[in-house]
Structures are given as C-alpha cells and as structure tokens.
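Engineer: What follows is structure_1.cif; its format and atoms are mmCIF, C-alpha atoms (C1' of nucleotides).
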```cif
data_structure
loop_
_atom_site.label_atom_id
_atom_site.label_comp_id
_atom_site.auth_asym_id
_atom_site.auth_seq_id
_atom_site.Cartn_x
_atom_site.Cartn_y
_atom_site.Cartn_z
CA MET S 12 98.25 130.57 105.13
CA ASP S 13 101.67 131.90 104.21
CA ALA S 14 104.49 129.99 102.60
CA ARG S 15 106.28 129.24 105.82
CA SER S 16 103.31 127.67 107.60
CA ALA S 17 102.36 125.82 104.44
CA GLU S 18 105.85 124.37 104.36
CA ALA S 19 105.64 123.40 108.02
CA SER S 20 102.23 121.92 107.49
CA PHE S 21 103.45 119.90 104.56
CA ALA S 22 106.42 118.58 106.49
CA LYS S 23 104.09 117.55 109.28
CA THR S 24 101.54 115.78 107.12
CA GLY S 25 104.40 114.31 105.16
CA CYS S 26 105.71 112.65 108.29
CA GLN S 27 102.26 111.46 109.18
CA LEU S 28 101.93 109.82 105.82
CA ASP S 29 105.28 108.22 106.38
CA GLU S 30 104.12 106.81 109.70
CA LEU S 31 100.93 105.58 108.14
CA LEU S 32 102.88 103.84 105.40
CA LYS S 33 105.14 102.09 107.88
CA PHE S 34 102.13 101.13 109.93
CA LEU S 35 100.28 99.61 106.98
CA ALA S 36 103.35 97.99 105.50
CA GLN S 37 103.88 95.84 108.56
CA GLU S 38 103.65 92.16 107.76
CA TRP S 39 100.05 90.92 107.52
CA MET S 40 98.54 94.28 108.44
CA THR S 41 96.56 94.93 105.28
CA HIS S 42 95.46 91.32 105.03
CA ILE S 43 94.13 91.44 108.56
CA VAL S 44 92.13 94.56 107.77
CA TRP S 45 90.80 93.07 104.55
CA THR S 46 89.81 89.87 106.26
CA LEU S 47 88.11 91.64 109.13
CA ALA S 48 86.24 93.77 106.59
CA ARG S 49 84.64 90.68 105.10
CA GLU S 50 83.08 89.66 108.41
CA ASP S 51 81.03 91.52 110.90
CA THR S 52 82.88 89.88 113.70
CA ILE S 53 85.38 87.04 113.89
CA ARG S 54 87.22 85.03 116.50
CA PHE S 55 90.97 84.98 116.93
CA GLY S 56 91.45 81.43 115.68
CA ALA S 57 89.05 81.83 112.76
CA LEU S 58 90.77 85.04 111.72
CA ARG S 59 94.07 83.29 111.87
CA ARG S 60 92.87 80.46 109.65
CA ALA S 61 91.16 82.88 107.28
CA LEU S 62 94.39 84.67 106.50
CA PRO S 63 96.19 83.49 103.39
CA GLY S 64 99.38 81.63 104.27
CA ALA S 65 100.48 81.13 107.84
CA ILE S 66 100.62 83.90 110.38
CA SER S 67 101.99 83.12 113.81
CA ALA S 68 99.67 83.65 116.78
CA ARG S 69 102.27 85.96 118.23
CA VAL S 70 102.26 88.35 115.27
CA LEU S 71 98.49 88.25 114.86
CA SER S 72 98.16 89.16 118.49
CA LEU S 73 100.64 92.00 118.11
CA ARG S 74 98.86 93.39 115.05
CA LEU S 75 95.42 93.22 116.61
CA LYS S 76 96.75 95.00 119.64
CA THR S 77 98.19 97.90 117.66
CA LEU S 78 95.07 98.06 115.49
CA GLU S 79 93.04 98.30 118.65
CA ALA S 80 95.37 100.92 120.08
CA HIS S 81 94.80 102.98 116.95
CA GLY S 82 91.05 102.67 117.29
CA LEU S 83 90.66 100.61 114.15
CA VAL S 84 89.62 97.35 115.76
CA THR S 85 87.37 96.41 118.65
CA ARG S 86 88.16 93.48 120.89
CA THR S 87 85.28 91.86 122.73
CA ASP S 88 85.83 89.26 125.38
CA ILE S 89 82.80 86.97 125.29
CA GLY S 90 83.81 84.65 128.08
CA ALA S 91 86.17 82.04 129.39
CA LYS S 92 85.92 78.26 129.32
CA PRO S 93 86.58 78.00 126.58
CA LEU S 94 88.09 81.40 125.91
CA HIS S 95 86.09 83.31 123.36
CA VAL S 96 87.17 86.64 121.93
CA GLU S 97 85.69 88.49 119.00
CA TYR S 98 87.33 91.08 116.82
CA SER S 99 85.69 93.54 114.46
CA LEU S 100 86.51 96.74 112.61
CA THR S 101 85.41 100.03 114.09
CA PRO S 102 83.87 102.63 111.74
CA GLU S 103 87.37 104.07 111.47
CA GLY S 104 88.66 100.66 110.56
CA ARG S 105 86.04 100.39 107.84
CA ASN S 106 87.11 103.77 106.52
CA LEU S 107 90.64 102.47 106.33
CA ASP S 108 89.49 99.41 104.43
CA ALA S 109 87.53 101.57 102.01
CA ALA S 110 90.53 103.82 101.48
CA LEU S 111 92.77 100.85 100.84
CA ARG S 112 90.34 99.62 98.23
CA ARG S 113 90.20 103.04 96.62
CA ASN S 114 93.95 103.24 96.62
CA GLU S 115 94.26 100.07 94.66
CA ILE S 116 93.86 102.44 91.78
CA LEU S 117 97.07 103.99 92.95
CA SER S 118 99.15 100.99 92.01
CA ALA S 119 97.43 100.85 88.65
CA ARG S 120 98.17 104.53 88.10
CA PHE S 121 101.87 103.94 88.31
CA ASN S 122 101.85 100.54 86.79
CA PHE S 123 103.89 99.66 89.80
CA PRO S 124 105.90 96.66 88.74
CA GLY S 125 106.23 93.91 91.29
CA GLN S 126 109.98 93.61 91.10
CA MET T 35 82.96 90.53 85.13
CA ASP T 36 81.43 87.86 87.38
CA ALA T 37 81.90 87.52 91.10
CA ARG T 38 84.66 84.95 90.86
CA SER T 39 86.89 86.99 88.56
CA ALA T 40 86.15 90.11 90.54
CA GLU T 41 87.34 88.27 93.62
CA ALA T 42 90.48 87.07 91.84
CA SER T 43 91.11 90.55 90.52
CA PHE T 44 90.76 92.03 93.96
CA ALA T 45 93.16 89.53 95.46
CA LYS T 46 95.66 90.41 92.78
CA THR T 47 95.43 94.15 93.11
CA GLY T 48 95.39 93.67 96.85
CA CYS T 49 98.77 92.05 96.71
CA GLN T 50 100.05 94.78 94.42
CA LEU T 51 98.98 97.39 96.90
CA ASP T 52 100.76 95.44 99.58
CA GLU T 53 103.95 95.46 97.54
CA LEU T 54 103.58 99.14 96.86
CA LEU T 55 103.15 99.82 100.56
CA LYS T 56 106.26 97.87 101.47
CA PHE T 57 108.13 99.63 98.70
CA LEU T 58 107.13 103.10 99.87
CA ALA T 59 107.56 102.32 103.54
CA GLN T 60 111.24 101.59 103.13
CA GLU T 61 113.39 103.93 105.16
CA TRP T 62 113.92 107.30 103.42
CA MET T 63 111.97 106.31 100.33
CA THR T 64 109.22 108.93 100.50
CA HIS T 65 111.63 111.63 101.57
CA ILE T 66 113.83 110.90 98.59
CA VAL T 67 110.87 111.21 96.25
CA TRP T 68 109.72 114.43 97.89
CA THR T 69 113.17 115.94 97.73
CA LEU T 70 113.67 114.97 94.11
CA ALA T 71 110.27 116.47 93.32
CA ARG T 72 111.43 119.87 94.53
CA GLU T 73 114.30 119.98 92.04
CA ASP T 74 114.45 119.39 88.37
CA THR T 75 117.66 117.55 88.76
CA ILE T 76 120.07 117.02 91.64
CA ARG T 77 123.43 115.44 92.30
CA PHE T 78 124.01 112.52 94.62
CA GLY T 79 125.82 114.51 97.28
CA ALA T 80 123.40 117.42 97.17
CA LEU T 81 120.46 115.06 97.44
CA ARG T 82 122.08 113.41 100.40
CA ARG T 83 122.60 116.73 102.18
CA ALA T 84 119.10 117.91 101.25
CA LEU T 85 117.47 115.01 103.06
CA PRO T 86 116.38 115.73 106.61
CA GLY T 87 118.53 113.89 109.11
CA ALA T 88 121.40 111.68 108.04
CA ILE T 89 121.08 109.03 105.40
CA SER T 90 124.07 106.82 104.72
CA ALA T 91 125.50 106.87 101.21
CA ARG T 92 124.95 103.16 101.08
CA VAL T 93 121.21 103.36 101.67
CA LEU T 94 120.73 106.35 99.41
CA SER T 95 122.49 104.44 96.68
CA LEU T 96 120.30 101.39 97.26
CA ARG T 97 117.09 103.44 97.17
CA LEU T 98 118.03 105.32 94.03
CA LYS T 99 118.84 102.04 92.35
CA THR T 100 115.48 100.50 93.14
CA LEU T 101 113.68 103.72 92.20
CA GLU T 102 115.50 103.62 88.89
CA ALA T 103 114.69 99.94 88.45
CA HIS T 104 111.02 100.80 88.91
CA GLY T 105 111.23 103.54 86.32
CA LEU T 106 110.60 106.31 88.81
CA VAL T 107 114.01 107.94 88.69
CA THR T 108 116.48 108.69 85.94
CA ARG T 109 120.21 108.54 86.53
CA THR T 110 122.42 110.59 84.25
CA ASP T 111 126.17 110.22 84.30
CA ILE T 112 127.58 113.60 83.33
CA GLY T 113 131.23 112.69 83.48
CA ALA T 114 134.20 111.67 85.52
CA LYS T 115 136.92 113.75 87.12
CA PRO T 116 135.37 114.74 89.27
CA LEU T 117 132.48 112.24 89.12
CA HIS T 118 129.23 113.94 88.36
CA VAL T 119 125.87 112.18 88.38
CA GLU T 120 122.45 113.71 88.23
CA TYR T 121 119.18 112.24 89.42
CA SER T 122 115.67 113.31 88.53
CA LEU T 123 112.14 112.00 88.68
CA THR T 124 110.63 110.48 85.58
CA PRO T 125 107.04 111.43 84.66
CA GLU T 126 106.02 108.28 86.52
CA GLY T 127 108.01 109.45 89.50
CA ARG T 128 106.21 112.77 89.40
CA ASN T 129 102.91 110.92 89.32
CA LEU T 130 103.98 109.08 92.42
CA ASP T 131 104.87 112.32 94.15
CA ALA T 132 101.52 113.82 93.20
CA ALA T 133 99.70 110.76 94.49
CA LEU T 134 101.62 110.88 97.75
CA ARG T 135 100.60 114.49 98.19
CA ARG T 136 97.00 113.67 97.43
CA ASN T 137 97.09 110.77 99.85
CA GLU T 138 98.18 112.96 102.67
CA ILE T 139 94.48 113.50 102.96
CA LEU T 140 94.29 109.83 103.73
CA SER T 141 96.02 110.17 107.07
CA ALA T 142 93.79 113.09 107.94
CA ARG T 143 90.73 111.06 107.02
CA PHE T 144 91.49 108.50 109.67
CA ASN T 145 92.96 110.83 112.15
CA PHE T 146 95.78 108.39 112.19
CA PRO T 147 97.44 108.84 115.56
CA GLY T 148 101.21 108.79 115.56
CA GLN T 149 101.78 106.11 118.16
"C1'" DC W 130 90.67 78.73 122.86
"C1'" DA W 131 93.42 82.92 123.06
"C1'" DG W 132 97.20 84.30 123.73
"C1'" DG W 133 102.20 85.30 126.57
"C1'" DA W 134 107.27 84.08 127.02
"C1'" DT W 135 111.35 82.74 125.05
"C1'" DC W 136 114.79 81.85 121.74
"C1'" DC W 137 116.73 82.50 117.37
"C1'" DG W 138 117.75 83.42 112.49
"C1'" DC W 139 117.26 86.99 108.96
"C1'" DC W 140 117.32 91.28 107.14
"C1'" DT W 141 118.25 96.00 107.34
"C1'" DC W 142 120.68 100.00 108.51
"C1'" DG W 143 124.78 102.89 110.07
"C1'" DA W 144 129.64 103.47 110.41
"C1'" DT W 145 133.96 102.97 108.53
"C1'" DA W 146 137.32 102.34 105.07
"C1'" DC W 147 138.45 102.22 100.35
"C1'" DT W 148 138.38 103.32 95.04
"C1'" DG W 149 138.22 105.27 90.03
"C1'" DC H 55 132.66 113.13 93.79
"C1'" DA H 56 129.92 109.01 93.72
"C1'" DG H 57 129.71 105.32 95.07
"C1'" DT H 58 131.17 99.96 96.85
"C1'" DA H 59 132.80 96.48 100.50
"C1'" DT H 60 132.73 94.98 104.94
"C1'" DC H 61 131.41 94.59 109.62
"C1'" DG H 62 128.57 94.81 113.61
"C1'" DA H 63 124.12 96.11 116.06
"C1'" DG H 64 119.21 96.13 116.36
"C1'" DG H 65 114.51 94.98 115.10
"C1'" DC H 66 111.21 91.88 113.36
"C1'" DG H 67 108.95 87.68 112.49
"C1'" DG H 68 108.63 82.38 113.00
"C1'" DA H 69 108.70 78.27 115.89
"C1'" DT H 70 108.12 76.24 120.12
"C1'" DC H 71 106.54 75.75 124.69
"C1'" DC H 72 103.36 77.01 128.23
"C1'" DT H 73 98.93 78.66 130.69
"C1'" DG H 74 94.03 80.04 132.54
#
```
Here is the file; what I need is its structure written in the form of structure tokens.

Structural biologist:
Amino acid sequence: MDARSAEASFAKTGCQLDELLKFLAQEWMTHIVWTLAREDTIRFGALRRALPGAISARVLSLRLKTLEAHGLVTRTDIGAKPLHVEYSLTPEGRNLDAALRRNEILSARFNFPGQ
Amino acid sequence: MDARSAEASFAKTGCQLDELLKFLAQEWMTHIVWTLAREDTIRFGALRRALPGAISARVLSLRLKTLEAHGLVTRTDIGAKPLHVEYSLTPEGRNLDAALRRNEILSARFNFPGQ
DNA sequence: CAGGATCCGCCTCGATACTG
DNA sequence: CAGTATCGAGGCGGATCCTG
C-alpha cells in the first residue's frame, strides 16, 4: 500500500470513526446498550424503567430503531393484547458492548477530566 | 474488590466514557486533533485552513479552548502586531490521537454502517 | 403495553461585523 | 492576525396527547 492510498484509507476510516462517535454520543445510546447487555431480552417498558433517570418513550423508540437499523438490536413482536415486544442485543451488539467496556480504559488513559 | 464496589466502579467509569464520547463527538473535534497531530505546531489561521471543509472561527476558537482546558492542547502567544498564536498537542493530546487511531479498528470490528 | 404525532424550548452552529 | 459579539436557523430532546 503506497502513501497515497494509505492517506485515503486513513481519511476514510477517520470519517467512519467520526460517525461512530456521533452515533454513540447520542443521548442515552450507551446506557441503552449497557442495559440491554445485562439482560438476555427485555420489554420496552421494562427497559425504559431500567434506564437511570428518565428517558422519554419517544427517544427510546428512536434509539431502538436506529440500533436495529444498524444490526445491533433485535426487535421481536410477541403479540398484541396487550402489546408485547422484546428487545435484545445481536452478537454485533454484544461486540459493541464489549468494546465499550474495553474502552473504559481509554478514559483512564487520558485521565479525561469531567469538566 | 467485591461485587458491589465493582458495580459502582463500572457505573462511574461508564459515565466517564459517556462524557468522553460526547466530548469527542462534538463537531470538528476529532479533525482538529488529527490535524494538530500532523504538525508540531500550527497557527490559528493555518489550522483553520488545514481543516477539511469550512469551520467557523468561532467554533474553532471554542474547540481549542475546551481542548486546552482539558490539557490536550497548548496555546502559545508569540506576540502582537501582527497577532501570532501557536497551537500544539500536549503529550496527553498525542495520547488521545494515538488512541483514536487505534480505535479506528473499533469501527471495522463492528462493520459499523454509515447510515 | 408499545409506541406515533405534535408542539416547543434549548442548544449549537454558521454568517456577519467588529476589534486590538 | 486572532479572535469576540451578535443574530438567526436548524436539530434534538422532553412533555403531552392519542391509539390499536
């Protein structure tokens, strides 16, 4: 691989990392992943209550939808009356969770000060 | 370390990671770090022109200030008439750059789809 | 119960104009 | 040159109301 293609490759992966960062930095995103990782499967309402603080149903729904679109979460419709939907992490989602846990070291490495 | 303190510790570092993510996901932030990493030292205007696309002076100034506040960037005032200020990464800043490069693997690991 | 629709305030960013 | 001040637009998240 010559210098030019290496440069191009770096720029590309750099942008991907940037997208990934913006994706993960969305409000509640990491917490949703972490909470899903603690259960095999969980219902919408239970997930909502399990999250620390108060997330609106609207945002939780949005996040789950994008997580699903990215192949990180599986949505299973169990049945209506009453509605019953289960969410769980895909293997990819579990990889993400594992990576997030590994990267906790990252913040320690920099001694990233919280403000 | 027992289970309870491990749990507490995880919650804490979890939040730190969250803060770090939101910090890095700010518009232009990673690009500024990457660009600074390519130079030993660089002036405000040159840095601005070196960034891909168009960043406003206002935002660049804001980012550099928070980077400095976090100990990742050093600002050196060379002198007035004409104004001359140099920016460079601190050792911590270089660690961050290195970690970002390493973590590019992260996006590959998940095959994170852009959109 | 699991959301969708709507409204609305907040924050952020870009553009513009100005300064030492 | 290296910013700061101000203004306006857009996006995002919360709250509320509504439904199958």

Engineer: Can you tell me, as a PyMOL selection string, what residues are no more than 9 Å from Met63 of chain T when counting all atoms listed in the file, ignoring any on the same chain fewer than 4 positions away?

Structural biologist: chain T and resi 57-59+67-68+94+97-98+101

Engineer: Which residues of chain W have any atom within 10 Å of an atom in chain S when counting only C-alpha atoms (C1' of nucleotides), and what is the closest pair of atoms for each, with the distance in Å to one decimal? Order the rows by chain and rising number and write it as a tab-separated table.

Structural biologist:
```
residue	atom	partner	partner_atom	distance
W:DC130	C1'	S:Leu94	CA	4.8
W:DA131	C1'	S:Leu94	CA	6.2
W:DG132	C1'	S:Ser72	CA	7.2
W:DG133	C1'	S:Arg69	CA	8.4
```

Engineer: Return the neighbours of chain T among the residues of chain H, cut-off 8 Å, counting only C-alpha atoms (C1' of nucleotides), as a VMD selection string.

Structural biologist: chain H and resid 55 to 57

Engineer: Export C-alpha atoms (C1' of nucleotides) of the chosen residues as a PDB file, in the frame of the given file?

Structural biologist:
```
ATOM      1  C1'  DC H  55     132.660 113.130  93.790  1.00  0.00           C
ATOM      2  C1'  DA H  56     129.920 109.010  93.720  1.00  0.00           C
ATOM      3  C1'  DG H  57     129.710 105.320  95.070  1.00  0.00           C
TER       4       DG H  57
END
```

Engineer: With the file shown as input, list the residues that the PyMOL selection byres ((chain S) within 6 of (chain T)) selects, as a list in words.

Structural biologist: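 Answer for the PyMOL selection byres ((chain S) within 6 of (chain T)): Leu28, Leu32, Lys33, Ala36 and Glu115 of chain S.
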
Engineer: Name every residue that the PyMOL selection byres ((chain T and resi 71) around 8) selects in this structure, writing the answer as a list in words with chains first and numbers rising.

Structural biologist: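 Evaluating the PyMOL selection byres ((chain T and resi 71) around 8) on this file yields Val67, Trp68, Thr69, Leu70, Arg72, Glu73, Asp74, Ser122, Leu123, Arg128 and Asp131 of chain T.
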
Engineer: Measuring atom to atom with only C-alpha atoms (C1' of nucleotides), identify which of T:Thr124, T:Gly113, T:Leu96, T:Val107 is nearest to DT58 of chain H.

Structural biologist: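 Answer, going by the shortest atom-to-atom distance: T:Leu96.
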
Engineer: Grab the atom CA of Ser90 of chain T to atom C1' of DT145 of chain W distance for me, in Å with one decimal place.

Structural biologist: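 Going from atom CA of Ser90 of chain T over to atom C1' of DT145 of chain W, I get 11.3 Å.
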